[in-house]
$ cat query34.cif   # mmCIF, C-alpha atoms
data_data
loop_
_atom_site.label_atom_id
_atom_site.label_comp_id
_atom_site.auth_asym_id
_atom_site.auth_seq_id
_atom_site.Cartn_x
_atom_site.Cartn_y
_atom_site.Cartn_z
CA MET Z 1 56.92 61.33 135.79
CA ALA Z 2 54.53 64.02 136.92
CA LEU Z 3 57.42 65.71 138.72
CA PHE Z 4 59.44 65.96 135.49
CA GLN Z 5 56.39 67.11 133.58
CA ARG Z 6 55.68 69.84 136.12
CA THR Z 7 59.32 71.04 136.13
CA PHE Z 8 60.09 70.89 132.43
CA ASP Z 9 56.67 71.69 131.03
CA LYS Z 10 57.19 74.18 128.20
CA ARG Z 11 56.67 77.63 129.62
CA GLU Z 12 57.98 80.99 128.57
CA LEU Z 13 59.57 83.00 131.37
CA ARG Z 14 59.27 86.64 130.41
CA ASP Z 15 61.86 89.25 131.28
CA PRO Z 16 60.80 92.16 133.50
CA GLY Z 17 59.72 95.33 131.74
CA LEU Z 18 62.89 97.19 132.67
CA VAL Z 19 65.10 94.52 131.07
CA ARG Z 20 62.92 94.49 127.95
CA THR Z 21 63.14 98.28 127.76
CA VAL Z 22 66.91 98.44 128.23
CA PHE Z 23 67.73 95.70 125.74
CA GLY Z 24 64.85 96.00 123.30
CA SER Z 25 63.53 99.53 123.14
CA THR Z 26 64.57 101.76 120.26
CA TRP Z 27 64.09 104.72 122.62
CA LEU Z 28 67.43 103.80 124.22
CA ALA Z 29 69.21 103.33 120.88
CA PRO Z 30 71.30 106.52 121.38
CA LEU Z 31 72.76 104.99 124.55
CA TRP Z 32 73.70 101.83 122.68
CA LEU Z 33 75.17 103.98 119.91
CA LEU Z 34 77.62 105.58 122.38
CA ALA Z 35 78.62 102.18 123.80
CA ARG Z 36 78.98 100.78 120.29
CA LEU Z 37 81.10 103.68 119.05
CA TYR Z 38 83.39 103.54 122.09
CA LEU Z 39 83.92 99.80 121.67
CA GLY Z 40 84.34 100.09 117.90
CA TYR Z 41 86.81 102.92 118.29
CA GLN Z 42 88.91 100.89 120.76
CA TRP Z 43 89.00 97.88 118.41
CA LEU Z 44 89.82 100.00 115.37
CA LEU Z 45 92.59 101.72 117.34
CA ALA Z 46 94.02 98.39 118.53
CA GLY Z 47 93.84 96.98 115.01
CA SER Z 48 95.39 100.08 113.42
CA HIS Z 49 98.59 99.59 115.44
CA LYS Z 50 98.83 96.05 114.08
CA VAL Z 51 98.24 96.77 110.38
CA TRP Z 52 99.85 100.19 110.03
CA GLY Z 53 103.08 101.90 111.11
CA GLU Z 54 106.51 100.80 112.23
CA GLY Z 55 105.38 98.31 114.88
CA ARG Z 56 102.80 96.56 112.69
CA TRP Z 57 102.33 92.80 112.91
CA ILE Z 58 101.69 92.01 109.25
CA ALA Z 59 103.21 92.71 105.83
CA VAL Z 60 106.66 93.27 107.32
CA ASP Z 61 110.10 92.38 106.04
CA GLY Z 62 110.72 88.79 107.06
CA PRO Z 63 108.15 86.47 108.64
CA ASP Z 64 104.88 88.01 109.80
CA GLY Z 65 103.69 87.85 113.38
CA LEU Z 66 107.00 88.00 115.26
CA ALA Z 67 105.37 90.44 117.71
CA LEU Z 68 102.57 87.92 118.26
CA LYS Z 69 105.16 85.19 118.75
CA GLY Z 70 106.83 87.31 121.44
CA PHE Z 71 103.46 87.86 123.15
CA TRP Z 72 102.68 84.14 123.12
CA GLU Z 73 106.16 83.21 124.38
CA ARG Z 74 105.86 85.64 127.30
CA ALA Z 75 102.41 84.25 128.06
CA ILE Z 76 103.46 80.58 128.14
CA ALA Z 77 106.66 81.20 130.13
CA ILE Z 78 106.62 79.85 133.69
CA PRO Z 79 108.65 82.12 136.00
CA GLU Z 80 110.86 80.70 138.73
CA GLN Z 81 109.07 82.85 141.28
CA GLY Z 82 105.48 84.02 141.35
CA ARG Z 83 102.52 82.93 139.28
CA PRO Z 84 102.64 82.31 135.51
CA PRO Z 85 100.52 84.64 133.34
CA ILE Z 86 98.28 81.75 132.21
CA SER Z 87 96.28 79.96 134.91
CA PHE Z 88 94.92 77.10 132.78
CA ASP Z 89 97.32 74.41 131.61
CA TRP Z 90 95.16 73.52 128.60
CA TYR Z 91 95.38 77.11 127.34
CA ARG Z 92 99.18 77.16 127.83
CA ASP Z 93 99.40 73.90 125.85
CA PHE Z 94 97.23 75.42 123.14
CA LEU Z 95 99.48 78.51 122.81
CA SER Z 96 102.62 76.33 122.94
CA PHE Z 97 101.22 74.24 120.09
CA MET Z 98 100.64 77.38 118.02
CA VAL Z 99 104.15 78.71 118.75
CA ASN Z 100 105.81 75.38 117.91
CA HIS Z 101 103.93 75.11 114.62
CA GLU Z 102 104.66 78.76 113.69
CA TRP Z 103 100.98 79.60 113.49
CA TYR Z 104 101.81 83.19 114.41
CA THR Z 105 102.71 83.88 110.76
CA TRP Z 106 99.06 83.62 109.66
CA PHE Z 107 97.33 84.11 113.00
CA SER Z 108 98.72 87.65 113.21
CA TRP Z 109 96.70 88.45 110.05
CA VAL Z 110 93.57 86.97 111.64
CA ILE Z 111 93.96 89.08 114.77
CA ALA Z 112 95.01 92.32 113.04
CA LEU Z 113 92.33 92.24 110.34
CA GLY Z 114 89.80 90.82 112.81
CA GLU Z 115 90.27 93.77 115.16
CA VAL Z 116 89.89 96.30 112.33
CA THR Z 117 86.81 94.50 110.98
CA VAL Z 118 85.14 94.28 114.40
CA GLY Z 119 85.89 97.98 114.98
CA LEU Z 120 84.41 99.08 111.65
CA LEU Z 121 81.32 96.85 111.97
CA LEU Z 122 80.61 98.26 115.43
CA ILE Z 123 81.08 101.85 114.27
CA VAL Z 124 78.74 101.51 111.27
CA GLY Z 125 76.40 99.24 113.25
CA ALA Z 126 76.37 96.32 110.81
CA PHE Z 127 75.92 92.80 112.26
CA THR Z 128 76.40 94.53 115.63
CA GLY Z 129 75.64 91.44 117.73
CA LEU Z 130 78.05 89.22 115.80
CA ALA Z 131 80.76 91.90 115.89
CA ALA Z 132 80.33 92.29 119.66
CA LEU Z 133 80.49 88.49 120.04
CA ALA Z 134 83.73 88.35 118.02
CA GLY Z 135 85.17 91.20 120.09
CA ALA Z 136 84.19 89.52 123.34
CA PHE Z 137 85.82 86.29 122.14
CA MET Z 138 89.09 88.14 121.46
CA ASN Z 139 88.93 89.87 124.88
CA PHE Z 140 88.29 86.47 126.47
CA ASN Z 141 91.39 85.01 124.81
CA PHE Z 142 93.60 87.97 125.71
CA MET Z 143 92.49 87.64 129.32
CA LEU Z 144 93.11 83.88 129.29
CA ALA Z 145 96.63 84.68 128.05
CA GLY Z 146 97.16 86.83 131.14
CA SER Z 147 96.75 90.25 129.51
CA ALA Z 148 94.28 92.34 131.53
CA SER Z 149 94.75 95.93 130.25
CA ILE Z 150 91.33 97.32 129.22
CA ASN Z 151 90.10 93.87 128.15
CA PRO Z 152 87.72 93.34 131.14
CA VAL Z 153 85.97 96.66 130.45
CA LEU Z 154 85.68 95.99 126.72
CA PHE Z 155 84.45 92.46 127.48
CA VAL Z 156 81.61 93.72 129.68
CA ILE Z 157 80.58 96.38 127.14
CA ALA Z 158 80.64 93.73 124.37
CA LEU Z 159 78.41 91.43 126.45
CA LEU Z 160 75.93 94.25 127.08
CA ILE Z 161 75.83 95.07 123.36
CA LEU Z 162 75.36 91.37 122.65
CA PHE Z 163 72.29 91.32 124.92
CA GLY Z 164 70.99 94.44 123.19
CA TRP Z 165 71.70 93.18 119.66
CA LYS Z 166 68.22 94.12 118.41
CA THR Z 167 68.59 97.83 119.13
CA ALA Z 168 72.37 98.33 119.41
CA GLY Z 169 72.57 98.84 115.64
CA TRP Z 170 69.29 100.74 115.32
CA ILE Z 171 71.19 103.97 114.61
CA GLY Z 172 73.28 102.11 112.08
CA VAL Z 173 73.21 99.75 109.13
CA ASP Z 174 71.35 97.08 111.14
CA ARG Z 175 68.25 99.28 111.03
CA TRP Z 176 67.83 98.16 107.40
CA LEU Z 177 70.13 95.11 107.24
CA LEU Z 178 68.43 92.98 109.90
CA PRO Z 179 64.88 93.33 108.53
CA ALA Z 180 66.22 92.49 105.05
CA LEU Z 181 68.22 89.43 106.13
CA GLY Z 182 66.15 88.41 109.15
CA THR Z 183 67.33 85.70 111.49
CA PRO Z 184 67.80 81.93 110.99
CA TRP Z 185 64.43 81.39 112.68
CA GLN Z 186 62.67 84.21 110.85
CA PRO Z 187 63.88 85.04 107.32
CA GLY Z 188 63.76 88.67 106.34
CA ARG Z 189 62.34 90.29 103.24
CA ALA Z 190 65.37 89.83 100.95
CA VAL Z 191 66.06 86.24 102.05
CA SER Z 192 62.38 85.28 101.81
CA ARG Z 193 62.21 86.61 98.26
CA LEU Z 194 65.26 84.55 97.29
CA GLY Z 195 64.01 81.38 98.98
CA GLY Z 196 60.38 81.75 97.91
CA ILE Z 197 59.02 81.79 101.46
CA ALA Z 198 56.90 84.38 103.18
CA PRO Z 199 58.63 86.57 105.82
CA GLY Z 200 58.16 85.03 109.25
CA GLU Z 201 56.94 81.72 107.80
CA ARG Z 202 59.54 79.72 109.69
CA GLY Z 203 59.27 81.85 112.83
CA ASP Z 204 58.48 79.90 115.97
CA GLU Z 205 56.73 82.79 117.60
CA LEU Z 206 55.97 86.32 116.58
CA VAL Z 207 55.75 88.85 119.35
CA PRO Z 208 52.70 91.04 118.77
CA GLU Z 209 53.23 94.76 118.69
CA ARG Z 210 52.58 96.63 121.88
CA GLY Z 211 48.94 97.56 122.29
CA THR Z 212 47.58 94.78 120.07
CA ALA Z 213 45.50 92.05 121.63
CA GLN Z 214 47.02 88.59 122.01
CA ALA Z 215 45.10 85.72 120.50
CA MET B 216 65.11 102.82 90.01
CA LYS B 217 63.90 104.82 93.01
CA LYS B 218 64.80 101.94 95.31
CA ILE B 219 68.28 101.53 93.80
CA VAL B 220 69.02 105.24 94.25
CA ALA B 221 67.78 105.14 97.87
CA LEU B 222 69.85 102.02 98.57
CA GLY B 223 72.86 103.67 96.93
CA TRP B 224 72.52 106.72 99.19
CA GLY B 225 72.30 104.51 102.26
CA VAL B 226 75.29 102.37 101.33
CA ALA B 227 77.36 105.43 100.37
CA ALA B 228 76.52 107.22 103.64
CA TRP B 229 77.66 104.30 105.79
CA ALA B 230 80.71 103.68 103.58
CA VAL B 231 81.73 107.29 104.25
CA VAL B 232 81.41 106.60 108.00
CA ALA B 233 83.77 103.62 107.70
CA VAL B 234 86.28 105.62 105.61
CA VAL B 235 86.23 108.68 107.89
CA ALA B 236 86.61 106.54 111.04
CA SER B 237 89.50 104.60 109.48
CA LEU B 238 91.29 107.74 108.28
CA LEU B 239 90.92 109.44 111.66
CA VAL B 240 92.09 106.48 113.73
CA PHE B 241 94.89 105.41 111.39
CA ASN B 242 96.30 108.93 111.08
CA MET B 243 95.77 110.31 114.58
CA GLY B 244 96.24 107.17 116.67
CA ASP B 245 95.23 107.75 120.29
CA LYS B 246 96.50 111.34 120.61
CA ASN B 247 93.12 112.71 121.69
CA GLN B 248 90.34 110.18 122.06
CA VAL B 249 87.60 112.76 122.67
CA LEU B 250 88.55 114.84 119.63
CA MET B 251 88.50 111.68 117.54
CA PHE B 252 85.22 110.41 118.97
CA LEU B 253 83.24 113.55 118.11
CA PRO B 254 83.79 113.56 114.31
CA ILE B 255 83.03 109.82 114.19
CA LEU B 256 79.80 110.44 116.11
CA ALA B 257 79.00 113.34 113.75
CA VAL B 258 79.35 111.26 110.56
CA VAL B 259 77.32 108.43 112.11
CA VAL B 260 74.51 110.86 112.93
CA ALA B 261 74.74 112.30 109.39
CA ALA B 262 74.55 108.82 107.87
CA TRP B 263 71.59 108.00 110.11
CA GLY B 264 69.88 111.19 108.93
CA ILE B 265 70.39 110.24 105.27
CA GLY B 266 69.03 106.78 106.06
CA GLU B 267 65.93 108.25 107.73
CA LEU B 268 65.26 110.85 105.05
CA VAL B 269 66.09 108.82 101.94
CA THR B 270 66.35 105.06 102.54
CA GLU B 271 63.64 104.66 105.19
CA ARG B 272 61.16 106.75 103.18
CA VAL B 273 61.49 104.39 100.21
CA PHE B 274 61.91 101.02 101.94
CA GLY B 275 60.02 101.85 105.18
CA GLY B 276 58.02 99.53 107.47
CA GLN B 277 60.16 97.50 109.85
CA GLU B 278 59.19 94.21 111.44
CA GLU B 279 59.89 93.47 115.06
CA ARG B 280 62.98 91.36 115.64
CA VAL B 281 62.18 88.27 117.67
#

$ encode --input "query34.cif" --output "structure tokens"
Amino acid sequence: MALFQRTFDKRELRDPGLVRTVFGSTWLAPLWLLARLYLGYQWLLAGSHKVWGEGRWIAVDGPDGLALKGFWERAIAIPEQGRPPISFDWYRDFLSFMVNHEWYTWFSWVIALGEVTVGLLLIVGAFTGLAALAGAFMNFNFMLAGSASINPVLFVIALLILFGWKTAGWIGVDRWLLPALGTPWQPGRAVSRLGGIAPGERGDELVPERGTAQA
Amino acid sequence: MKKIVALGWGVAAWAVVAVVASLLVFNMGDKNQVLMFLPILAVVVAAWGIGELVTERVFGGQEERV
């Protein structure tokens, strides 16, 4: 019993100063801005091809998402020689299910509009962490489907932005949006006013500002 | 009233960023990624400046995010 108590006793393991600086200091916000703009631009560009122009995926004559259907069919195909694009059987079954049930007709809208939305949110820096998470999830799925392209690079950048969610949108809408909305564990000013609770009332812990003494 | 005007400036500034980025990317595609990146960066910096000079001055005082 004492062994478990010693191992799992509630302790907070603090990150080293360098990690805290890189992912939490507003001083490095310009660096995160460049990463955010690059990622946002790539998503907006990818989405623009799907919602606009001759080769668009949606709002076309006939059923939507035929391009997506072709992508899925190529991904689930098992060649006579060599390795199939998809390594995991469960993912191939999942894509096969979506092809057989013609989910590409509405899923193409989800992907096309999702890419544009993620791109715009990253560029303006609104809900930056959530946008990066959504982008990383799409990269993850494209890679599972056997499409490498620039997905690994975008995935890593999205993960880094996700870790730096507090400052990645500092030169952006998040500068004002996050303090107003807060987080689920610490309501912001606007949410607190609506719910009749004081800002930070539900917060588990408040980190004191640098230079102030800890109680 | 002062707060609504400041909020309006902030929202409008970032809406312009979204519109400019969309117009650039949708019309130019990936012809020149550097040439496209610079105007997007410029409007973001402009919107940030408006936020600092107008919105932040009225709303001010940020809490730490934990």

$ interface_residues --input "query34.cif" --of "chain B" --to "chain Z" --cutoff "10 Å" --atoms "all atoms listed in the file" --output "ChimeraX atom specification"
/B:222,225-226,228-234,236-237,239-245,248,251-252,255-256,258-260,262-264,266-267,270-271,274-281

$ closest_residue --input "query34.cif" --among "B:Val273, B:Ala227, B:Met216, B:Ala221" --to "Ala261 in chain B" --atoms "all atoms listed in the file"
B:Ala227

$ atom_distance --input "query34.cif" --atom1 "CA of Leu144 in chain Z" --atom2 "CA of Ile86 in chain Z"
6.3 Å

$ atom_distance --input "query34.cif" --atom1 "CA of Val156 in chain Z" --atom2 "CA of Leu18 in chain Z"
19.3 Å

$ residues_around --input "query34.cif" --residues "Pro63 in chain Z" --least-positions-apart "3" --cutoff "12 Å" --atoms "only C-alpha atoms" --output "ChimeraX atom specification"
/Z:57-60,66-69,102-109

$ atom_distance --input "query34.cif" --atom1 "CA of Lys50 in chain Z" --atom2 "CA of Leu162 in chain Z"
25.4 Å

$ axis_aligned_box --input "query34.cif" --around "range 136-145 of chain Z" --padding-each-side "6 Å" --output "lines of an AutoDock Vina configuration file"
center_x = 90.4
center_y = 86.9
center_z = 125.4
size_x = 24.4
size_y = 18.0
size_z = 19.9

$ closest_residue --input "query34.cif" --among "Z:Pro84, Z:Gly114, Z:Gly169, Z:Pro79" --to "Gly146 in chain Z" --atoms "only C-alpha atoms"
Z:Pro84

$ decode --input "query34.cif" --residues "range 85-123 of chain Z" --atoms "C-alpha atoms" --output "tab-separated table (two decimals), in the first residue's frame"
chain	number	residue	atom	x	y	z
Z	85	PRO	CA	-1.45	1.69	-49.45
Z	86	ILE	CA	-3.25	1.01	-46.14
Z	87	SER	CA	-1.35	-1.00	-43.53
Z	88	PHE	CA	-4.19	-1.46	-41.01
Z	89	ASP	CA	-7.04	-3.78	-41.92
Z	90	TRP	CA	-9.49	-1.98	-39.61
Z	91	TYR	CA	-8.88	1.28	-41.46
Z	92	ARG	CA	-9.36	-0.42	-44.86
Z	93	ASP	CA	-12.65	-1.88	-43.57
Z	94	PHE	CA	-13.68	1.56	-42.36
Z	95	LEU	CA	-13.03	3.16	-45.78
Z	96	SER	CA	-14.72	0.23	-47.56
Z	97	PHE	CA	-17.79	0.74	-45.37
Z	98	MET	CA	-17.89	4.43	-46.32
Z	99	VAL	CA	-17.48	3.67	-50.04
Z	100	ASN	CA	-20.19	0.97	-49.99
Z	101	HIS	CA	-22.64	3.28	-48.22
Z	102	GLU	CA	-21.85	6.21	-50.55
Z	103	TRP	CA	-20.73	8.39	-47.67
Z	104	TYR	CA	-18.43	10.26	-50.05
Z	105	THR	CA	-21.40	12.38	-51.19
Z	106	TRP	CA	-21.57	14.21	-47.84
Z	107	PHE	CA	-18.10	13.45	-46.51
Z	108	SER	CA	-16.57	15.45	-49.36
Z	109	TRP	CA	-18.36	18.53	-47.96
Z	110	VAL	CA	-16.97	17.80	-44.49
Z	111	ILE	CA	-13.41	17.54	-45.79
Z	112	ALA	CA	-13.57	20.48	-48.22
Z	113	LEU	CA	-15.24	22.92	-45.82
Z	114	GLY	CA	-13.22	21.52	-42.91
Z	115	GLU	CA	-9.94	22.28	-44.66
Z	116	VAL	CA	-11.03	25.84	-45.51
Z	117	THR	CA	-12.29	26.42	-41.95
Z	118	VAL	CA	-9.10	25.07	-40.35
Z	119	GLY	CA	-7.02	27.24	-42.71
Z	120	LEU	CA	-8.95	30.42	-41.93
Z	121	LEU	CA	-9.00	29.79	-38.16
Z	122	LEU	CA	-5.23	29.27	-38.15
Z	123	ILE	CA	-4.60	32.40	-40.23
